[in-house]
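K.L.:
Shown below is the structure under consideration.
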Amino acid sequence: MKARSTTLFILIFCFANAFCQVTERCATVHEIAGKKRGNVRFQSKVERLGLEERMVINIPVVVHVVWSKAEENISTEQIQSQLKVLNEDFNAGNVQISSVPVIFQALVADVGFQFCLASKDPNGQATNGIVRIQTANTIGIGGTTAIHHTSQGGSDAWDPSKYLNIWVSKFAGNLGGVGSFPGEGPEDEQGVEVNYKQFGTIGTATNPPYNLGRTCTHEIGHYFNLEHVWGPNANSCCTEDDGVADTPVSCEDYLDECPSGNTFSCFAPDMWMNFMNYTNDACMAMFSKGQKERMIAALNDFRAGLLESDGCQSVATNEPIFEPSLKVYGNPVDNQLVFEIKSSMTGKWDVKLVNLLGQPIYTRTALSNTPVILDCAAYGSGVCFLVAKQNQTELVRKLVLN
Ligand SMILES: [Zn+2]
């Protein structure tokens with residue numbers, strides 16, 4: 001069915017369009033064709049992470065804009081519009097979620113990844129997280145090895161263990177994007193590439209159906225080890241799976257389609273609105289809870305350096321050392337607690353929420369000068385204390401949970 005629909009699409013498109021271009025949504029493939037990546041090996045670490053708690057995981061991002069013509073040198077605002085989409089899509093905050101069919105609503109995952117443009121570069125210098133390089137390659141350097149290397153007309157990755165590298169450029173064809181699976185390919189080419197016409201929601205990315213930033217969401221799914229929902233092999237209709245239990249086995253890729261309600265290509269309704277399908281941007285809405293587990297496992301097993309990265313911390317200035325403080329944005333707290341440990345000392349703090357009996361009800365670590373968002377809905381209402389501790393320094397704030 002997959003092949004049939006793609007062919008149908010090409011025919012319709014060709015009759016209607018003299019240029020007869022064939023769309024390719026995504027070119028991410030495994031290094032070894034057909035290689036399967038099971039879920040089982042990750043299970044223990046997933047369990048250790050305690051997925052019941054809401055975690056916010058900061059992912060420092062650097063965007064490499066590799067451009068030839070001026071229009072390919074997309075604006076900073078356009079880049080920020082993509083970051084906004086990522087933070088909505090990976091935190092179950094997009095408006096399309098309301099269109100998820102009833103049978104899948106309980107499977108919608110709040111992944112808890114918070115993407116930030118890097119504020120500190122690999123040398124510890126202040127940055128806006130954007131690298132702009134003019135290339136002599138006018139055909140389109142996207143999807144090539146060269147885009148990852150300054151010496152070949154591209155842009156060198158920032159330490160891929162500490163930053164998610166995103167390359168934005170022209171592609172020679174109509175390809176939307178490519179992502180690297182963890183543990184595959186050269187270390188200095190890890191990251192995702194997105195066609196400049198599909199990156200963000202403004203500027204050069206205003207042509208439907210790829211105008212809502214979902215190409216990047218999809219490719220980052222691959223970067224965190226997600227397969228397409230039909231599995232690693234496009235030709236294995238209904239016989240292979242994506243290694244995620246709660247995404248139904250499917251065959252249809254929904255390229256350039258926007259279905260509604262329950263549609264079938266195998267045995268159960270397809271999760272056509274999943275980001276790992278090829279559905280139109282406007283009709284994508286969710287990652288599943290199983291996909292969340294798989295992404296967190298990949299983060300833990302392959303990309304753990306991101307968890308320790310200080311790429312989103314502000315660079316220490318020459319200001320005198322100041323007394324550390326615990327800033328809470330909005331108190332009493334409605335569902336989401338946002339706090340930041342202001343300190344001239346960098347590094348990790350042990351953070352906990354403590355109830356009136358002195359019992360910890362939530363613990364995590366946090367970095368200095370990096371806002372943290374916590375979902376407090378599960379902790380009931382009333383008074384509790386936010387405690388942050390680093391070496392001999394302890395900061396305490398009384399909170400009222402609504
Ligand atoms: Zn893909």
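In the structure tokens, each chain is lettered A, B, ... as it comes, each chain's residues begin at 1, and ligands are numbered from 1 in order of appearance.
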Please, which residues have at least one atom within 10 Å of an atom of ligand 1, using only C-alpha atoms and all ligand atoms, listed as a list in words?
P.N.:
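Sorted by chain and then by number, the residues are Glu24, Arg25, Cys26, Ala27, Thr28, Val29, Gly176, Gly177, Val178, Gly179, Ser180, Thr215, Cys216, Thr217, His218, Glu219, Ile220, Gly221, His222, Tyr223, Leu226, Glu227, His228, Val229, Pro232, Phe275, Met276, Asn277 and Tyr278 of chain A.
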K.L.:
Selection from above, N, CA and C atoms, as a short mmCIF file (atom, residue, chain, number, x, y, z; two decimals), in the first residue's frame, can you write it?
P.N.:
```cif
data_model
loop_
_atom_site.label_atom_id
_atom_site.label_comp_id
_atom_site.auth_asym_id
_atom_site.auth_seq_id
_atom_site.Cartn_x
_atom_site.Cartn_y
_atom_site.Cartn_z
N GLU A 24 10.62 13.98 -1.61
CA GLU A 24 11.19 12.98 -0.71
C GLU A 24 11.14 13.58 0.69
N ARG A 25 10.43 12.91 1.56
CA ARG A 25 10.22 13.49 2.89
C ARG A 25 11.47 13.40 3.74
N CYS A 26 12.14 12.25 3.70
CA CYS A 26 13.23 12.00 4.65
C CYS A 26 14.16 10.96 4.06
N ALA A 27 15.45 11.16 4.20
CA ALA A 27 16.42 10.21 3.62
C ALA A 27 17.19 9.44 4.67
N THR A 28 16.71 9.48 5.91
CA THR A 28 17.43 8.78 6.96
C THR A 28 17.37 7.28 6.73
N VAL A 29 18.53 6.67 6.62
CA VAL A 29 18.60 5.22 6.47
C VAL A 29 19.68 4.70 7.41
N GLY A 176 13.62 16.61 2.16
CA GLY A 176 13.32 17.44 3.32
C GLY A 176 14.40 17.42 4.37
N GLY A 177 14.90 16.23 4.69
CA GLY A 177 15.89 16.18 5.76
C GLY A 177 16.49 14.81 5.94
N VAL A 178 17.52 14.76 6.76
CA VAL A 178 18.21 13.53 7.11
C VAL A 178 18.59 13.61 8.59
N GLY A 179 18.51 12.48 9.27
CA GLY A 179 18.96 12.43 10.66
C GLY A 179 19.91 11.26 10.84
N SER A 180 20.79 11.35 11.83
CA SER A 180 21.74 10.26 12.06
C SER A 180 21.26 9.42 13.23
N THR A 215 9.63 18.67 9.72
CA THR A 215 10.76 17.92 9.16
C THR A 215 11.84 17.78 10.24
N CYS A 216 12.11 18.86 10.92
CA CYS A 216 13.16 18.84 11.96
C CYS A 216 12.73 17.97 13.15
N THR A 217 11.47 18.07 13.55
CA THR A 217 10.96 17.21 14.62
C THR A 217 11.17 15.75 14.27
N HIS A 218 10.81 15.38 13.04
CA HIS A 218 10.93 14.00 12.55
C HIS A 218 12.39 13.54 12.56
N GLU A 219 13.28 14.38 12.03
CA GLU A 219 14.69 13.98 11.94
C GLU A 219 15.32 13.85 13.33
N ILE A 220 14.92 14.69 14.25
CA ILE A 220 15.43 14.57 15.62
C ILE A 220 14.90 13.28 16.26
N GLY A 221 13.71 12.85 15.84
CA GLY A 221 13.22 11.54 16.26
C GLY A 221 14.20 10.44 15.87
N HIS A 222 14.69 10.48 14.62
CA HIS A 222 15.71 9.50 14.19
C HIS A 222 16.99 9.64 15.02
N TYR A 223 17.38 10.89 15.26
CA TYR A 223 18.61 11.17 16.02
C TYR A 223 18.53 10.52 17.40
N LEU A 226 14.50 6.76 16.87
CA LEU A 226 13.17 6.32 16.42
C LEU A 226 13.20 5.91 14.96
N GLU A 227 12.52 4.81 14.68
CA GLU A 227 12.31 4.37 13.29
C GLU A 227 11.05 5.05 12.76
N HIS A 228 10.87 4.99 11.44
CA HIS A 228 9.56 5.30 10.90
C HIS A 228 8.56 4.32 11.50
N VAL A 229 7.30 4.71 11.60
CA VAL A 229 6.35 3.82 12.29
C VAL A 229 6.16 2.49 11.57
N PRO A 232 12.09 -0.27 9.99
CA PRO A 232 13.32 0.14 9.31
C PRO A 232 13.33 -0.15 7.81
N PHE A 275 4.71 11.78 14.47
CA PHE A 275 5.79 12.55 13.83
C PHE A 275 6.70 11.67 12.98
N MET A 276 6.70 10.35 13.23
CA MET A 276 7.58 9.47 12.47
C MET A 276 6.88 8.86 11.25
N ASN A 277 5.78 9.48 10.84
CA ASN A 277 5.16 9.18 9.56
C ASN A 277 5.60 10.23 8.55
N TYR A 278 5.04 10.18 7.35
CA TYR A 278 5.35 11.19 6.33
C TYR A 278 4.19 12.16 6.10
#
```
K.L.:
Counting only C-alpha atoms, which residues of region 63-86 of chain A fall within 9 Å of region 191-196 of chain A, and what is the closest atom pair for each with its distance in Å at one decimal, ordered by chain and rising number, as CSV?
P.N.:
```
residue,atom,partner,partner_atom,distance
A:Val65,CA,A:Tyr196,CA,8.5
A:Glu72,CA,A:Tyr196,CA,6.4
A:Asn73,CA,A:Tyr196,CA,8.5
A:Ile74,CA,A:Tyr196,CA,7.3
```
K.L.:
Any chance you could list, as a list in words, the residues in region 81-126 of chain A that come up strand (DSSP E) when DSSP is run on the backbone?
P.N.:
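Of region 81-126 of chain A, only Phe113, Gln114, Phe115, Cys116 and Leu117 of chain A fall in strand (DSSP E).
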K.L.:
Could you jot down the CA of Ser75 (chain A) to CA of Asp256 (chain A) separation for me, Å, one decimal place?
P.N.:
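Separation between CA of Ser75 (chain A) and CA of Asp256 (chain A): 26.9 Å.
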K.L.:
Given only C-alpha atoms as the basis, pick out the residue of A:Ser169, A:Thr150, A:Ser343, A:Gln80 nearest to Val66 (chain A).
P.N.:
A:Ser169
